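A.B. asks: Got a structure here, written out as structure tokens. Questions coming.
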Amino acid sequence: MHSNKLFSAHQDHKIRVWKITTTTTTNNDDDDDEKKEHDHLKYTHVATLPTLGDRAAKVLIPKNHVQIRRHKKRTWVHHVDTVSALALSKDGTLLYSVSWDRTIKIWRTKDFTCLESLTNAHDDAINAVAVSYDGRVYTGSADKTIKVWAKPEGEKKHALVETLEKHNSGVNALALSSDETVLYSGACDRSVLVWEKDESDGNMGLVGALRGHTKSILCLAVVADLVCSGSADKTIRIWRGVDAEYSCLAVLEGHTGSIKCLTAVVDHCNPSHSQLSFLLYSGGLDCHIKVWQILLPAI
């Protein structure tokens, strides 16, 4: 989500853009006849990517067509398989999409134009993407690798700068630490690997592994110094690292299906000098969204 726009990825190979507006309704309180105002969020579909204008601008030029299968071509702005993940640049001007079609696409959020497409970015489906403040793009794939992409100074296209190969099976989730010096990756091998950026050359090195889940890691979220992992084993684990030593603080049970997505925020509604409060939102294949409050003693 950026500003008043929400971006969603879909199995029909498309990305949809929704405008968020707030409407206020006034209701009478039956007990004291007071009028109370309630805010409601309204989501309006405003665009589908690639847009008709973007497709029309490229369809007449032969070099804009790419082979997607035998006897079939599409313009390079199209994803041709499930769009699996999205990420926004930190300033919100660019949207990055990855797909099971093994491509990475970069869109301008101002007018929804597709600016760039990296074809055959991986050898198998791409499942995850994360973007750092310095513009580095991290992608995780079913080919067991994580790739790091950057746009060299003076160049128009992103280029591969590093490949991380320590997982034993497909990578499903990526998340960056709050200061973006650490990358967390979750995979079907039931582990969350911890990668740290080398200050001398900027490359990522493996510094640890978080193990405890009994099935695939499907999603990750980071808030402050906490790492949250969701798994096909129907549990969420909360990890905390101190001086690169990680421990599992809690195992959250309550979902009856695989945990597919997580997001976490600082809970500003419960200020305290003695403890820290966080809210964790989880979505599972049991069709439930749960909200968890995490309370920790302040360090």
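Residue names in the structure tokens use chain letters A, B, ... in the order shown, residue numbers from 1 in each chain, and ligand numbers from 1 in the order shown.
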Can you tell me, as an NGL selection string, what residues are no more than 8 Å from Pro297 of chain A when counting only C-alpha atoms, ignoring any on the same chain fewer than 2 positions away?
C.D. replies: :A and (274-276 or 295 or 299)
A.B. asks: Going by DSSP on the backbone, which residues of segment 8-191 of chain A come out as strand (DSSP E or B)? List them as a JSON list (two decimals) with C-alpha atoms, in the first residue's frame.
C.D. replies:
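File states-v4.json, as written:
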[["chain", "number", "residue", "atom", "x", "y", "z"],
["A", 8, "SER", "CA", -2.98, -6.64, -5.17],
["A", 9, "ALA", "CA", -1.44, -9.60, -7.02],
["A", 15, "ILE", "CA", -2.05, -6.66, -10.76],
["A", 16, "ARG", "CA", -4.95, -4.55, -9.60],
["A", 17, "VAL", "CA", -4.86, -1.06, -8.15],
["A", 18, "TRP", "CA", -7.42, 0.14, -5.62],
["A", 19, "LYS", "CA", -8.05, 3.67, -4.39],
["A", 20, "ILE", "CA", -8.77, 3.96, -0.67],
["A", 21, "THR", "CA", -11.16, 6.65, 0.47],
["A", 22, "THR", "CA", -12.64, 7.35, 3.88],
["A", 23, "THR", "CA", -16.35, 7.95, 4.25],
["A", 24, "THR", "CA", -17.98, 9.15, 7.43],
["A", 25, "THR", "CA", -21.44, 8.06, 8.55],
["A", 26, "THR", "CA", -23.44, 9.43, 11.46],
["A", 27, "ASN", "CA", -25.57, 7.18, 13.65],
["A", 28, "ASN", "CA", -27.87, 8.01, 16.52],
["A", 35, "LYS", "CA", -24.98, 11.34, 17.19],
["A", 36, "LYS", "CA", -21.80, 9.37, 16.67],
["A", 37, "GLU", "CA", -19.59, 9.48, 13.61],
["A", 38, "HIS", "CA", -17.98, 6.35, 12.20],
["A", 39, "ASP", "CA", -15.29, 6.23, 9.55],
["A", 40, "HIS", "CA", -15.43, 3.53, 6.88],
["A", 41, "LEU", "CA", -12.82, 2.68, 4.28],
["A", 42, "LYS", "CA", -13.99, 2.29, 0.71],
["A", 43, "TYR", "CA", -11.88, 0.48, -1.90],
["A", 44, "THR", "CA", -12.44, 1.44, -5.55],
["A", 45, "HIS", "CA", -10.82, -0.42, -8.42],
["A", 46, "VAL", "CA", -8.98, 2.15, -10.54],
["A", 47, "ALA", "CA", -6.59, 0.16, -12.76],
["A", 48, "THR", "CA", -5.44, -3.26, -13.87],
["A", 49, "LEU", "CA", -1.80, -3.79, -14.84],
["A", 65, "HIS", "CA", 6.84, -9.13, -28.28],
["A", 66, "VAL", "CA", 8.33, -12.11, -26.46],
["A", 67, "GLN", "CA", 7.77, -15.82, -26.99],
["A", 68, "ILE", "CA", 5.83, -17.32, -24.08],
["A", 69, "ARG", "CA", 5.14, -20.71, -25.57],
["A", 72, "LYS", "CA", 2.25, -17.70, -28.94],
["A", 73, "LYS", "CA", 3.73, -14.29, -28.18],
["A", 74, "ARG", "CA", 2.82, -11.44, -25.82],
["A", 75, "THR", "CA", 4.23, -8.00, -25.18],
["A", 83, "VAL", "CA", 1.81, -12.87, -9.87],
["A", 84, "SER", "CA", 3.20, -14.19, -6.61],
["A", 85, "ALA", "CA", 4.49, -11.12, -4.76],
["A", 86, "LEU", "CA", 4.71, -7.32, -4.84],
["A", 87, "ALA", "CA", 6.98, -4.75, -3.22],
["A", 88, "LEU", "CA", 7.13, -0.97, -3.31],
["A", 94, "LEU", "CA", 8.10, 2.13, -8.16],
["A", 95, "LEU", "CA", 6.24, -1.17, -7.81],
["A", 96, "TYR", "CA", 8.13, -4.45, -8.23],
["A", 97, "SER", "CA", 6.23, -7.60, -9.20],
["A", 98, "VAL", "CA", 7.46, -11.18, -9.44],
["A", 99, "SER", "CA", 5.73, -14.15, -10.95],
["A", 104, "ILE", "CA", 10.57, -9.43, -12.47],
["A", 105, "LYS", "CA", 8.69, -6.35, -13.64],
["A", 106, "ILE", "CA", 9.06, -2.76, -12.49],
["A", 107, "TRP", "CA", 6.13, -0.34, -12.72],
["A", 108, "ARG", "CA", 5.87, 3.41, -12.23],
["A", 113, "THR", "CA", 3.55, 2.18, -16.85],
["A", 114, "CYS", "CA", 5.77, -0.91, -16.99],
["A", 115, "LEU", "CA", 9.35, 0.40, -17.16],
["A", 116, "GLU", "CA", 11.38, -2.78, -17.17],
["A", 117, "SER", "CA", 11.10, -6.56, -17.33],
["A", 118, "LEU", "CA", 13.81, -9.04, -16.33],
["A", 126, "ILE", "CA", 9.71, -16.63, -8.24],
["A", 127, "ASN", "CA", 7.86, -16.57, -4.93],
["A", 128, "ALA", "CA", 9.12, -13.54, -3.02],
["A", 129, "VAL", "CA", 10.55, -10.05, -3.43],
["A", 130, "ALA", "CA", 11.95, -7.42, -1.06],
["A", 131, "VAL", "CA", 13.33, -3.97, -1.85],
["A", 137, "VAL", "CA", 16.01, -5.92, -5.11],
["A", 138, "TYR", "CA", 16.01, -9.38, -3.49],
["A", 139, "THR", "CA", 14.08, -12.23, -5.11],
["A", 140, "GLY", "CA", 13.48, -15.74, -3.79],
["A", 141, "SER", "CA", 12.62, -18.67, -6.03],
["A", 146, "ILE", "CA", 17.97, -15.80, -3.65],
["A", 147, "LYS", "CA", 19.17, -13.26, -6.18],
["A", 148, "VAL", "CA", 20.20, -9.69, -5.56],
["A", 149, "TRP", "CA", 19.60, -7.10, -8.29],
["A", 150, "ALA", "CA", 20.71, -3.48, -8.59],
["A", 159, "ALA", "CA", 21.61, -6.31, -13.31],
["A", 160, "LEU", "CA", 22.32, -9.38, -11.18],
["A", 161, "VAL", "CA", 24.93, -8.58, -8.53],
["A", 162, "GLU", "CA", 24.82, -11.65, -6.27],
["A", 163, "THR", "CA", 23.28, -15.11, -5.90],
["A", 164, "LEU", "CA", 22.73, -16.65, -2.46],
["A", 171, "VAL", "CA", 12.48, -20.11, -1.14],
["A", 172, "ASN", "CA", 9.01, -18.82, -0.24],
["A", 173, "ALA", "CA", 9.54, -15.65, 1.79],
["A", 174, "LEU", "CA", 11.95, -12.74, 2.26],
["A", 175, "ALA", "CA", 12.11, -9.90, 4.77],
["A", 176, "LEU", "CA", 14.65, -7.19, 5.60],
["A", 182, "VAL", "CA", 20.06, -8.28, 7.56],
["A", 183, "LEU", "CA", 17.99, -10.35, 5.15],
["A", 184, "TYR", "CA", 15.78, -13.21, 6.36],
["A", 185, "SER", "CA", 14.72, -15.98, 3.98],
["A", 186, "GLY", "CA", 12.19, -18.74, 4.61],
["A", 187, "ALA", "CA", 12.00, -21.91, 2.55],
["A", 191, "SER", "CA", 14.46, -23.05, 8.05]]
A.B. asks: List every residue of segment 6-214 of chain A that DSSP, applied to the backbone of this structure, places in alpha helix (DSSP H), and write the result as a list of chain:residue names.
C.D. replies: A:Leu52, A:Gly53, A:Asp54, A:Arg55, A:Ala56, A:Ala57, A:Lys58, A:Val59
A.B. asks: Pick out the residues sitting within 8 Å of Lys260 of chain A, and hand them over as number ranges by chain; count only C-alpha atoms, and ignore anything fewer than 4 positions along from it in its own chain.
C.D. replies: A: 218-219, 230-232, 282-285
A.B. asks: Those selected residues, please, written with N, CA and C atoms and delivered as an mmCIF file, in the first residue's frame.
C.D. replies:
data_model
loop_
_atom_site.group_PDB
_atom_site.id
_atom_site.type_symbol
_atom_site.label_atom_id
_atom_site.label_comp_id
_atom_site.auth_asym_id
_atom_site.auth_seq_id
_atom_site.Cartn_x
_atom_site.Cartn_y
_atom_site.Cartn_z
ATOM 1 N N LEU A 218 6.326 -20.224 5.038
ATOM 2 C CA LEU A 218 5.556 -19.625 3.952
ATOM 3 C C LEU A 218 5.570 -18.102 3.966
ATOM 4 N N CYS A 219 5.863 -17.493 5.135
ATOM 5 C CA CYS A 219 5.833 -16.030 5.205
ATOM 6 C C CYS A 219 6.690 -15.536 6.359
ATOM 7 N N GLY A 230 5.768 -17.619 9.646
ATOM 8 C CA GLY A 230 4.554 -18.417 9.531
ATOM 9 C C GLY A 230 4.817 -19.645 8.690
ATOM 10 N N SER A 231 4.185 -20.742 9.050
ATOM 11 C CA SER A 231 4.543 -22.018 8.441
ATOM 12 C C SER A 231 3.331 -22.852 8.055
ATOM 13 N N ALA A 232 3.601 -23.826 7.204
ATOM 14 C CA ALA A 232 2.588 -24.818 6.857
ATOM 15 C C ALA A 232 2.272 -25.734 8.032
ATOM 16 N N SER A 282 -2.148 -12.179 11.156
ATOM 17 C CA SER A 282 -1.841 -13.405 10.418
ATOM 18 C C SER A 282 -3.042 -13.850 9.596
ATOM 19 N N GLY A 283 -2.773 -14.306 8.395
ATOM 20 C CA GLY A 283 -3.800 -14.859 7.525
ATOM 21 C C GLY A 283 -3.478 -16.297 7.202
ATOM 22 N N GLY A 284 -4.464 -17.169 7.346
ATOM 23 C CA GLY A 284 -4.210 -18.587 7.121
ATOM 24 C C GLY A 284 -5.111 -19.181 6.063
ATOM 25 N N LEU A 285 -4.753 -20.369 5.617
ATOM 26 C CA LEU A 285 -5.577 -21.088 4.649
ATOM 27 C C LEU A 285 -6.820 -21.679 5.302
#
A.B. asks: Determine the nearest neighbour of Gly208 of chain A from the options A:Cys269, A:Val59, A:Val223, A:Ala244, counting only C-alpha atoms.
C.D. replies: A:Ala244
A.B. asks: So, with only C-alpha atoms as the atoms that count, which of A:Val266, A:Leu52, A:Thr119, A:Ile236 lies closest to Asp101 of chain A?
C.D. replies: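 Of A:Val266, A:Leu52, A:Thr119, A:Ile236, the one nearest Asp101 of chain A is A:Thr119, counting only C-alpha atoms.
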A.B. asks: Just give me the gap between atom CA of Val207 of chain A and atom CA of Val194 of chain A in Å, one decimal is fine.
C.D. replies: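 One can read the atom CA of Val207 of chain A to atom CA of Val194 of chain A distance as 5.7 Å.
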A.B. asks: Expressed in Å to a single decimal, how great is the separation between atom CA of Thr109 of chain A and atom CA of Asn4 of chain A?
C.D. replies: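 Computing the Euclidean distance for atom CA of Thr109 of chain A and atom CA of Asn4 of chain A yields 11.6 Å.
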A.B. asks: Go through A:Thr51, A:Ser177, A:Thr214, A:Thr256 one by one, measure the shortest atom-to-atom distance of each to Val227 of chain A using only C-alpha atoms, and give the residue with the smallest value.
C.D. replies: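 Among A:Thr51, A:Ser177, A:Thr214, A:Thr256, it is A:Ser177 that comes nearest to Val227 of chain A.
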